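Participant: Just upload-v5.txt, nothing more (compact mmCIF, C-alpha atoms):
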```txt
# COMPACT_ATOMS: atom_id res chain seq x y z
CA MET A 1 27.89 28.67 -51.48
CA GLU A 2 24.28 29.66 -50.94
CA ARG A 3 23.22 26.00 -50.88
CA LYS A 4 25.94 25.13 -48.34
CA GLU A 5 24.87 28.03 -46.15
CA LYS A 6 21.28 26.77 -46.18
CA MET A 7 22.46 23.28 -45.24
CA ARG A 8 24.52 24.70 -42.33
CA LYS A 9 21.45 26.58 -41.08
CA ILE A 10 19.30 23.46 -41.35
CA ILE A 11 21.89 21.40 -39.49
CA LYS A 12 22.20 24.09 -36.84
CA ILE A 13 18.42 24.29 -36.34
CA ALA A 14 18.13 20.48 -36.26
CA GLY A 15 21.00 20.29 -33.76
CA SER A 16 19.40 22.90 -31.53
CA ALA A 17 16.05 21.10 -31.69
CA LEU A 18 17.75 17.83 -30.79
CA VAL A 19 19.44 19.42 -27.78
CA VAL A 20 16.10 20.80 -26.60
CA LEU A 21 14.37 17.44 -27.04
CA VAL A 22 17.12 15.53 -25.23
CA THR A 23 17.10 18.09 -22.41
CA LEU A 24 13.33 17.80 -22.01
CA TRP A 25 13.59 14.00 -22.09
CA LEU A 26 16.25 14.04 -19.35
CA LEU A 27 14.24 16.49 -17.25
CA GLN A 28 11.16 14.31 -17.61
CA ARG A 29 13.07 11.20 -16.52
CA LEU A 30 14.47 13.12 -13.56
CA LEU A 31 11.16 14.58 -12.41
CA ILE A 32 8.98 11.46 -12.76
CA PRO A 33 8.74 9.68 -9.37
CA LYS A 34 11.08 6.67 -9.16
CA TYR A 35 9.13 4.69 -6.53
CA VAL A 36 12.25 3.01 -5.15
CA ASP A 37 12.45 4.35 -1.57
CA ASP A 38 8.88 5.32 -0.69
CA VAL A 39 5.61 4.13 -2.20
CA VAL A 40 7.44 1.36 -4.05
CA GLU A 41 4.12 0.04 -5.35
CA GLY A 42 4.37 2.55 -8.18
CA ALA A 43 7.32 0.62 -9.65
CA PHE A 44 5.67 -2.79 -9.93
CA ILE A 45 3.90 -2.46 -13.28
CA ALA A 46 7.03 -1.42 -15.20
CA GLU A 47 9.14 -4.30 -13.86
CA TYR A 48 7.19 -6.88 -15.87
CA TYR A 49 8.64 -5.64 -19.16
CA GLY A 50 12.16 -6.67 -18.20
CA GLU A 51 11.12 -10.30 -17.68
CA GLU A 52 11.38 -13.34 -19.94
CA LYS A 53 7.69 -13.64 -20.71
CA ASP A 54 6.87 -17.31 -20.41
CA PHE A 55 4.57 -17.36 -17.38
CA ASP A 56 1.92 -20.01 -16.86
CA VAL A 57 0.07 -18.02 -14.19
CA ILE A 58 -0.49 -14.26 -14.17
CA PHE A 59 -2.00 -12.43 -11.20
CA ILE A 60 -3.68 -9.10 -11.90
CA GLY A 61 -5.06 -6.70 -9.31
CA ASP A 62 -4.28 -4.55 -6.31
CA CYS A 63 -2.60 -5.18 -2.96
CA GLU A 64 -4.81 -8.24 -2.48
CA VAL A 65 -2.54 -10.04 -4.93
CA TYR A 66 0.87 -8.36 -4.72
CA GLU A 67 1.07 -8.56 -0.92
CA ASN A 68 -0.62 -11.92 -0.44
CA PHE A 69 0.94 -14.36 -2.92
CA SER A 70 4.58 -15.28 -3.45
CA PRO A 71 5.65 -16.52 -6.91
CA ALA A 72 8.88 -17.74 -5.29
CA VAL A 73 6.95 -20.25 -3.18
CA LEU A 74 4.85 -21.33 -6.17
CA TRP A 75 8.09 -22.10 -7.99
CA GLN A 76 9.92 -23.74 -5.09
CA GLU A 77 7.10 -26.06 -4.09
CA TYR A 78 5.19 -26.64 -7.33
CA GLY A 79 7.45 -25.55 -10.18
CA ILE A 80 4.84 -22.97 -11.23
CA ASN A 81 6.22 -20.03 -13.20
CA SER A 82 4.12 -17.01 -12.26
CA TYR A 83 4.13 -13.23 -12.15
CA ILE A 84 2.00 -10.61 -10.37
CA ARG A 85 0.97 -7.55 -12.40
CA GLY A 86 -0.26 -5.66 -9.38
CA SER A 87 -0.42 -2.01 -8.32
CA ALA A 88 -1.95 0.04 -5.53
CA GLN A 89 -5.75 0.32 -5.76
CA GLN A 90 -5.76 -1.07 -9.26
CA TYR A 91 -9.25 -0.64 -10.69
CA ILE A 92 -10.90 -3.44 -12.63
CA TRP A 93 -10.78 -1.56 -15.95
CA GLN A 94 -7.04 -1.13 -15.43
CA SER A 95 -6.76 -4.84 -14.66
CA TYR A 96 -8.60 -5.63 -17.87
CA TYR A 97 -6.29 -3.49 -20.00
CA LEU A 98 -3.26 -4.95 -18.23
CA LEU A 99 -4.57 -8.34 -19.36
CA GLU A 100 -4.81 -7.02 -22.93
CA ASP A 101 -1.27 -5.66 -22.53
CA THR A 102 0.00 -9.00 -21.21
CA LEU A 103 -1.49 -10.81 -24.20
CA ARG A 104 0.76 -8.76 -26.47
CA TYR A 105 3.62 -10.89 -25.10
CA GLU A 106 2.22 -14.19 -23.85
CA VAL A 107 -0.90 -16.24 -23.14
CA PRO A 108 -0.85 -17.70 -19.62
CA GLU A 109 -2.73 -20.86 -18.67
CA VAL A 110 -4.34 -19.18 -15.65
CA LEU A 111 -5.30 -15.63 -14.74
CA VAL A 112 -5.87 -14.90 -11.03
CA PHE A 113 -7.91 -11.78 -10.34
CA ASN A 114 -8.92 -10.33 -6.96
CA VAL A 115 -12.53 -9.28 -6.55
CA LEU A 116 -12.16 -6.48 -3.98
CA SER A 117 -11.77 -3.93 -6.78
CA LEU A 118 -15.36 -4.60 -7.88
CA GLN A 119 -16.39 -2.10 -5.20
CA TYR A 120 -15.14 0.79 -7.37
CA ASN A 121 -17.13 2.02 -10.33
CA GLU A 122 -14.91 5.05 -11.00
CA SER A 123 -11.34 6.13 -10.27
CA GLN A 124 -10.82 7.53 -6.79
CA ARG A 125 -7.51 9.41 -7.01
CA GLU A 126 -5.14 10.53 -9.74
CA ALA A 127 -2.17 9.27 -7.70
CA TYR A 128 -3.47 5.70 -7.88
CA ASN A 129 -4.12 6.06 -11.62
CA ARG A 130 -0.54 7.10 -12.19
CA MET A 131 0.95 4.29 -10.11
CA THR A 132 -0.64 1.85 -12.54
CA LEU A 133 -0.71 3.68 -15.85
CA GLU A 134 2.70 5.36 -15.95
CA GLY A 135 4.46 2.01 -15.64
CA MET A 136 2.73 0.56 -18.70
CA GLU A 137 4.63 0.61 -21.97
CA TRP A 138 2.95 2.63 -24.70
CA SER A 139 0.45 0.54 -26.60
CA LEU A 140 -3.23 0.59 -27.52
CA PRO A 141 -4.15 -1.08 -24.18
CA LYS A 142 -2.35 1.72 -22.32
CA VAL A 143 -4.21 4.39 -24.27
CA LYS A 144 -7.53 2.69 -23.54
CA ALA A 145 -6.60 2.27 -19.87
CA ILE A 146 -5.81 5.98 -19.55
CA LEU A 147 -9.07 7.01 -21.20
CA ALA A 148 -11.07 4.66 -18.98
CA SER A 149 -9.31 5.85 -15.81
CA MET A 150 -8.95 9.64 -16.08
CA LYS A 151 -10.82 11.73 -13.57
CA PRO A 152 -12.61 14.82 -14.99
CA GLU A 153 -9.78 17.13 -13.97
CA GLU A 154 -7.07 15.03 -15.63
CA GLU A 155 -5.69 15.59 -19.13
CA PHE A 156 -4.58 12.86 -21.56
CA LEU A 157 -1.52 14.89 -22.62
CA ASP A 158 -0.27 14.82 -19.02
CA TYR A 159 0.19 11.06 -19.45
CA VAL A 160 1.81 11.42 -22.86
CA PHE A 161 4.20 14.07 -21.51
CA PRO A 162 4.47 13.50 -17.75
CA ILE A 163 6.73 16.53 -17.42
CA LEU A 164 3.55 18.61 -17.74
CA ARG A 165 2.32 16.99 -14.54
CA TYR A 166 5.61 16.86 -12.61
CA HIS A 167 7.25 20.12 -13.73
CA SER A 168 6.99 21.60 -10.23
CA ARG A 169 8.49 18.60 -8.44
CA TRP A 170 11.96 20.16 -8.07
CA SER A 171 11.61 20.66 -4.32
CA GLU A 172 10.75 16.97 -3.84
CA LEU A 173 13.74 15.51 -5.66
CA THR A 174 15.92 13.11 -3.70
CA GLY A 175 19.18 11.31 -4.32
CA ALA A 176 17.20 8.36 -5.64
CA ASP A 177 15.86 10.50 -8.49
CA VAL A 178 19.40 11.03 -9.72
CA GLN A 179 20.72 7.57 -8.83
CA TYR A 180 17.95 5.80 -10.73
CA LEU A 181 17.65 8.27 -13.59
CA PHE A 182 18.44 5.56 -16.15
CA ASP A 183 18.28 2.26 -14.29
CA LYS A 184 15.82 1.65 -11.48
CA LYS A 185 16.50 -0.96 -8.85
CA GLN A 186 14.23 -3.99 -8.62
CA VAL A 187 11.72 -3.54 -5.79
CA SER A 188 9.52 -6.62 -6.17
CA HIS A 189 9.95 -10.36 -6.55
CA ASN A 190 8.03 -11.23 -9.71
CA GLY A 191 5.57 -8.57 -8.59
CA TYR A 192 5.42 -9.69 -4.95
CA TYR A 193 6.01 -7.01 -2.28
CA MET A 194 7.78 -8.56 0.70
CA ARG A 195 7.25 -7.55 4.33
CA VAL A 196 8.41 -9.76 7.20
CA ASP A 197 7.40 -7.56 10.16
CA VAL A 198 4.44 -8.45 12.33
CA LYS A 199 1.54 -6.44 13.69
CA ALA A 200 -1.28 -8.58 14.96
CA ALA A 201 -4.87 -7.82 14.04
CA GLY A 202 -6.78 -6.20 16.88
CA ASP A 203 -10.36 -5.05 17.04
CA VAL A 204 -11.32 -4.38 13.45
CA PRO A 205 -14.48 -2.27 12.95
CA GLY A 206 -17.36 -3.68 10.98
CA GLY A 207 -18.44 -2.14 7.73
CA ARG A 208 -20.46 1.03 7.64
CA VAL A 209 -23.98 0.86 6.31
CA LEU A 210 -24.10 1.44 2.54
CA GLY A 211 -26.94 2.94 0.60
CA ASP A 212 -26.46 0.40 -2.19
CA TYR A 213 -24.55 -2.87 -1.95
CA ASN A 214 -24.69 -3.65 -5.66
CA PHE A 215 -21.48 -3.45 -7.65
CA GLY A 216 -21.61 -0.76 -10.34
CA GLU A 217 -22.34 -1.18 -14.03
CA LYS A 218 -18.78 -0.34 -15.09
CA ALA A 219 -17.30 -2.88 -12.67
CA TRP A 220 -19.55 -5.65 -14.01
CA GLU A 221 -18.85 -4.60 -17.59
CA TYR A 222 -15.11 -5.05 -17.18
CA LEU A 223 -15.40 -8.31 -15.26
CA ASP A 224 -17.47 -9.63 -18.19
CA LYS A 225 -14.87 -8.35 -20.66
CA MET A 226 -12.12 -10.07 -18.68
CA ARG A 227 -14.03 -13.37 -18.52
CA LYS A 228 -14.85 -13.31 -22.24
CA LEU A 229 -11.28 -12.48 -23.24
CA CYS A 230 -10.01 -15.35 -21.07
CA ASP A 231 -12.52 -17.68 -22.72
CA GLU A 232 -11.43 -16.51 -26.17
CA LYS A 233 -7.76 -17.15 -25.39
CA GLY A 234 -8.28 -20.43 -23.52
CA ILE A 235 -7.18 -18.94 -20.18
CA GLN A 236 -8.65 -20.31 -16.95
CA LEU A 237 -9.92 -17.39 -14.85
CA VAL A 238 -9.71 -17.76 -11.06
CA LEU A 239 -11.34 -15.19 -8.77
CA VAL A 240 -9.91 -14.68 -5.28
CA LYS A 241 -10.71 -12.68 -2.17
CA ALA A 242 -7.70 -12.21 0.08
CA PRO A 243 -8.00 -12.93 3.83
CA SER A 244 -7.67 -9.23 4.66
CA ILE A 245 -10.15 -8.36 7.41
CA TYR A 246 -10.10 -4.69 6.49
CA PRO A 247 -11.42 -3.11 4.25
CA TYR A 248 -14.63 -4.85 5.24
CA TRP A 249 -15.99 -7.46 2.82
CA TYR A 250 -19.77 -7.29 2.94
CA PRO A 251 -21.90 -10.47 2.78
CA GLU A 252 -23.91 -8.76 0.04
CA TRP A 253 -20.72 -8.43 -2.03
CA GLU A 254 -19.86 -12.05 -1.38
CA ASP A 255 -23.28 -13.18 -2.58
CA GLN A 256 -22.85 -11.30 -5.87
CA VAL A 257 -19.43 -12.81 -6.57
CA GLU A 258 -20.54 -16.32 -5.66
CA GLU A 259 -23.56 -16.01 -7.95
CA TYR A 260 -21.43 -14.70 -10.83
CA ALA A 261 -18.83 -17.45 -10.41
CA ALA A 262 -21.50 -20.14 -10.29
CA GLU A 263 -23.31 -18.74 -13.32
CA HIS A 264 -20.15 -18.76 -15.44
CA GLY A 265 -18.42 -21.84 -14.03
CA LEU A 266 -15.51 -19.94 -12.51
CA ARG A 267 -13.38 -21.00 -9.57
CA TYR A 268 -13.70 -18.56 -6.69
CA LEU A 269 -11.59 -18.76 -3.54
CA ASN A 270 -12.59 -16.59 -0.60
CA PHE A 271 -9.61 -16.90 1.75
CA LEU A 272 -11.58 -15.25 4.52
CA GLU A 273 -13.50 -18.52 4.67
CA LEU A 274 -10.41 -20.73 4.30
CA ARG A 275 -8.55 -19.69 7.43
CA GLU A 276 -8.39 -23.21 8.85
CA GLU A 277 -7.33 -24.76 5.53
CA THR A 278 -4.56 -22.20 4.90
CA GLY A 279 -3.42 -21.92 8.52
CA ILE A 280 -3.60 -18.12 8.52
CA ASP A 281 -3.05 -16.70 12.01
CA TYR A 282 -3.94 -13.02 12.39
CA ASP A 283 -1.55 -12.75 15.34
CA THR A 284 1.50 -13.68 13.27
CA ASP A 285 0.68 -13.48 9.54
CA THR A 286 -0.08 -9.78 9.02
CA TYR A 287 2.20 -6.76 9.25
CA ASP A 288 -0.45 -4.04 9.57
CA GLY A 289 -3.24 -5.30 11.78
CA GLY A 290 -5.05 -7.45 9.23
CA LEU A 291 -5.03 -5.30 6.10
CA HIS A 292 -2.29 -7.26 4.34
CA MET A 293 -0.40 -10.48 4.90
CA ASN A 294 3.29 -10.46 5.74
CA LEU A 295 5.76 -12.98 4.31
CA SER A 296 4.53 -15.75 6.59
CA GLY A 297 0.93 -15.23 5.55
CA ALA A 298 1.73 -14.85 1.84
CA GLU A 299 3.71 -18.07 1.82
CA LYS A 300 0.84 -19.96 3.49
CA LEU A 301 -1.65 -18.67 0.92
CA SER A 302 0.74 -19.51 -1.91
CA ARG A 303 1.11 -23.11 -0.75
CA TYR A 304 -2.67 -23.53 -0.71
CA LEU A 305 -3.21 -21.82 -4.06
CA GLY A 306 -0.28 -23.65 -5.64
CA ARG A 307 -1.77 -27.00 -4.73
CA MET A 308 -5.05 -26.04 -6.40
CA LEU A 309 -3.31 -24.67 -9.51
CA SER A 310 -1.23 -27.82 -9.82
CA GLU A 311 -3.70 -30.54 -8.91
CA GLU A 312 -7.01 -29.09 -10.12
CA LEU A 313 -6.06 -26.81 -13.01
CA GLY A 314 -3.10 -28.80 -14.29
CA VAL A 315 -0.53 -26.00 -14.26
CA PRO A 316 2.76 -27.78 -15.09
CA ASP A 317 5.78 -28.29 -12.88
CA ARG A 318 8.64 -26.75 -14.90
CA ARG A 319 11.53 -27.19 -12.50
CA GLY A 320 13.13 -29.60 -14.97
CA GLU A 321 13.62 -26.88 -17.59
CA GLU A 322 17.27 -25.87 -17.37
CA ALA A 323 17.06 -22.29 -18.63
CA LEU A 324 13.99 -21.45 -16.56
CA ALA A 325 15.43 -23.12 -13.46
CA GLY A 326 18.57 -21.02 -13.93
CA ARG A 327 16.55 -17.80 -13.98
CA TRP A 328 14.71 -18.88 -10.85
CA GLU A 329 17.97 -19.72 -9.08
CA ALA A 330 18.95 -16.05 -9.34
CA LYS A 331 15.44 -14.90 -8.35
CA LEU A 332 15.40 -17.14 -5.27
CA ALA A 333 18.82 -15.86 -4.22
CA ALA A 334 17.49 -12.27 -4.34
CA TYR A 335 14.34 -13.35 -2.49
CA GLU A 336 16.34 -14.99 0.29
CA ALA A 337 18.75 -12.05 0.53
CA GLU A 338 15.92 -9.56 1.02
CA LYS A 339 14.25 -11.86 3.52
CA GLN A 340 17.39 -11.99 5.64
CA ALA A 341 17.98 -8.24 5.28
CA GLN A 342 14.46 -7.50 6.51
CA TYR A 343 14.75 -9.88 9.46
CA ALA A 344 17.98 -8.11 10.41
CA TYR A 345 16.40 -4.66 9.98
CA TYR A 346 13.48 -5.52 12.23
CA ASP A 347 15.77 -7.42 14.62
CA MET A 348 13.72 -10.57 14.15
CA GLU A 349 14.61 -14.22 13.99
CA GLU A 350 13.36 -16.19 11.01
CA PRO A 351 10.44 -18.42 12.09
```
Using structure tokens, write down the structure from this file.

Facilitator:
Amino acid sequence: MERKEKMRKIIKIAGSALVVLVTLWLLQRLLIPKYVDDVVEGAFIAEYYGEEKDFDVIFIGDCEVYENFSPAVLWQEYGINSYIRGSAQQYIWQSYYLLEDTLRYEVPEVLVFNVLSLQYNESQREAYNRMTLEGMEWSLPKVKAILASMKPEEEFLDYVFPILRYHSRWSELTGADVQYLFDKKQVSHNGYYMRVDVKAAGDVPGGRVLGDYNFGEKAWEYLDKMRKLCDEKGIQLVLVKAPSIYPYWYPEWEDQVEEYAAEHGLRYLNFLELREETGIDYDTDTYDGGLHMNLSGAEKLSRYLGRMLSEELGVPDRRGEEALAGRWEAKLAAYEAEKQAQYAYYDMEEP
């Protein structure tokens, strides 16, 4: 009898502990931002994990990749299977650890990285850290990315248990937090963020005078780490600068990137200098006055880049693969549906 009583107590305690743990887990899932209605960029990183990981081209970086290149166009016109692992203001050390994370699943033929993030030598805001780091699945690369990214006031445990960070978010909860408690809606197209609206670029101010135009030691360190890891894995690294006319891209920055690319035999495409070749028109191809490309601009850039990837780097045309083509048929249907929905929302006719 005494032994049975002890077992009942143990079971009762274990059951109570389980209830507490499940409750905390549910509260954490509820309170963590869902990034499905506003600031959708925070959802991009996590979406990669639901994909069949067989990509020949991976893009890594900030808005200069996820708003400027369309994997759908790369597939439609060149049969290139690609994915964008992008997030808002993604710092180069985060990009590096996202590459390490990607290599846990697959080894692409080409990695495309945007160079604008070289301007940062330390994290700027916790919010941007979280939009990249919280979407990563737990792994050693995620741990290293957190440690490399945390600002002095941040705590590692707040990333392990996000409820510690979001416990006071009750007043900000929306219907989306409940609706997507267990299953978030897809907000990107293989990492591409679609916008069809148009706002022409006007008078864009020049860059302010800087005290030092040299990229920082940490930025160079992680670009070197990225290049060496690509070399080790047989991945062709391509550096790109998007045609965004703001933030300002200094000639001194350009010189440093060109020198680095030449020194290490890397391909570097500065789309600010390829306006005629790509056909970018700042009256029609941007939705926010020149900061980012809209759908029209992204599709133009993708056609140009796709030709280079196909003809110069030998990325294969895989449209003949039945299973892959079937997956892309569904992706293209979703891509077209959102395109038409956005044109209707903005009361626009498709060009």

Participant: Work out how far apart CA of Met226 (chain A) and CA of Leu116 (chain A) are and give it in Å to one decimal.

Facilitator: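 Going from CA of Met226 (chain A) over to CA of Leu116 (chain A), I get 15.1 Å.
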
Participant: Of the residues A:Glu122, A:Asp101, A:Asp281, A:Glu106, which is the one nearest to Ala200 (chain A), using only C-alpha atoms?

Facilitator: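 Among A:Glu122, A:Asp101, A:Asp281, A:Glu106, it is A:Asp281 that comes nearest to Ala200 (chain A).
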
Participant: With 3 Å of padding per side, what axis-aligned box (centre and edge lengths, Å, one decimal) covers all the listed atoms of region 55-65 of chain A? Give it as JSON.

Facilitator:
```
{"center_x": -0.2, "center_y": -12.3, "center_z": -9.9, "size_x": 15.6, "size_y": 21.5, "size_z": 20.9}
```

Participant: Which residue out of A:Gly79, A:Gly135, A:Pro205, A:Gly61 has the minimum interatomic distance to Leu99 (chain A) when only C-alpha atoms are used?

Facilitator: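 Under the stated criterion, the closest residue is A:Gly61.
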
Participant: Report, in Å with one decimal, the straight-line distance from CA of Ser87 (chain A) to CA of Ser117 (chain A).

Facilitator: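 Separation between CA of Ser87 (chain A) and CA of Ser117 (chain A): 11.6 Å.
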
Participant: Do you know which residues are at most 12 Å from Asn190 (chain A) counting only C-alpha atoms, after dropping those on the same chain fewer than 2 positions away, and could you put them as a PyMOL selection string?

Facilitator: chain A and resi 43-53+55+57-59+65-67+69-75+81-86+186-188+192-194+327-328+330-332+334-335

Participant: For region 99-160 of chain A versus region 249-257 of chain A, which residues have an atom no more than 10 Å away, and what is each residue's nearest atom pair and distance in Å rounded to one decimal, using all atoms listed in the file, chain-then-number order, as JSON lines?

Facilitator:
```
{"residue": "A:Val115", "atom": "CA", "partner": "A:Val257", "partner_atom": "CA", "distance": 7.8}
{"residue": "A:Leu116", "atom": "CA", "partner": "A:Trp249", "partner_atom": "CA", "distance": 7.9}
{"residue": "A:Leu118", "atom": "CA", "partner": "A:Trp253", "partner_atom": "CA", "distance": 8.8}
{"residue": "A:Gln119", "atom": "CA", "partner": "A:Trp253", "partner_atom": "CA", "distance": 8.3}
```

Participant: Take the residues from that selection and put them in a file with C-alpha atoms, as a PDB file, in the coordinates of the input.

Facilitator:
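Listing of out_25.pdb after writing:
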```pdb
ATOM      1  CA  VAL A 115     -12.530  -9.280  -6.550  1.00  0.00           C
ATOM      2  CA  LEU A 116     -12.160  -6.480  -3.980  1.00  0.00           C
ATOM      3  CA  LEU A 118     -15.360  -4.600  -7.880  1.00  0.00           C
ATOM      4  CA  GLN A 119     -16.390  -2.100  -5.200  1.00  0.00           C
TER       5      GLN A 119
END
```

Participant: Using only C-alpha atoms, which of the listed residues (A:Asp203, A:Asp347, A:Glu126, A:Asp231) sits closest to Gln90 (chain A)?

Facilitator: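 Ranking A:Asp203, A:Asp347, A:Glu126, A:Asp231 by distance to Gln90 (chain A), first place goes to A:Glu126.
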
Participant: Might you pull out every residue within 8 Å of Asp288 (chain A), with all atoms listed in the file counted and same-chain residues fewer than 4 positions away left off, and present them as JSON, numbers by chain?

Facilitator: {"A": [198, 199, 200, 201, 292, 293]}

Participant: Please save C-alpha atoms of the selected residues as a PDB file, in the coordinates of the input.

Facilitator:
```
ATOM      1  CA  VAL A 198       4.440  -8.450  12.330  1.00  0.00           C
ATOM      2  CA  LYS A 199       1.540  -6.440  13.690  1.00  0.00           C
ATOM      3  CA  ALA A 200      -1.280  -8.580  14.960  1.00  0.00           C
ATOM      4  CA  ALA A 201      -4.870  -7.820  14.040  1.00  0.00           C
ATOM      5  CA  HIS A 292      -2.290  -7.260   4.340  1.00  0.00           C
ATOM      6  CA  MET A 293      -0.400 -10.480   4.900  1.00  0.00           C
TER       7      MET A 293
END
```

Participant: Report the distance between CA of Asp54 (chain A) and CA of Asn294 (chain A) in Å, rounded to one decimal place.

Facilitator: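 Straight-line distance from CA of Asp54 (chain A) to CA of Asn294 (chain A) works out to 27.3 Å.
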
Participant: As a list of chain:residue names, please: the residues near Pro247 (chain A) (cut-off 10 Å, all atoms listed in the file, same-chain neighbours under 5 positions excluded).

Facilitator: A:Leu116, A:Val204, A:Pro205, A:Gly206, A:Gly207, A:Gly290, A:Leu291

Participant: Pick from A:Leu140, A:Leu272, A:Ala261, A:Met150: nearest to Glu64 (chain A), with all atoms listed in the file counted?

Facilitator: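 Ranked by minimum distance to Glu64 (chain A), first place goes to A:Leu272.
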
Participant: Using only C-alpha atoms, which residue out of A:Asp197, A:Glu263, A:Glu273, A:Asp158 lies closest to Ala242 (chain A)?

Facilitator: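 Using only C-alpha atoms, the shortest distance to Ala242 (chain A) belongs to A:Glu273.
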
Participant: I'd like the contact shell of Ala88 (chain A) - 7 Å cut-off, only C-alpha atoms, skipping same-chain residues fewer than 5 positions apart - returned as a PyMOL selection string.

Facilitator: chain A and resi 41+62-63+128+131

Participant: Convert the current residue selection to file output with C-alpha atoms, as a tab-separated table (two decimals), in the frame of the given file.

Facilitator:
```tsv
chain	number	residue	atom	x	y	z
A	41	GLU	CA	4.12	0.04	-5.35
A	62	ASP	CA	-4.28	-4.55	-6.31
A	63	CYS	CA	-2.60	-5.18	-2.96
A	128	TYR	CA	-3.47	5.70	-7.88
A	131	MET	CA	0.95	4.29	-10.11
```
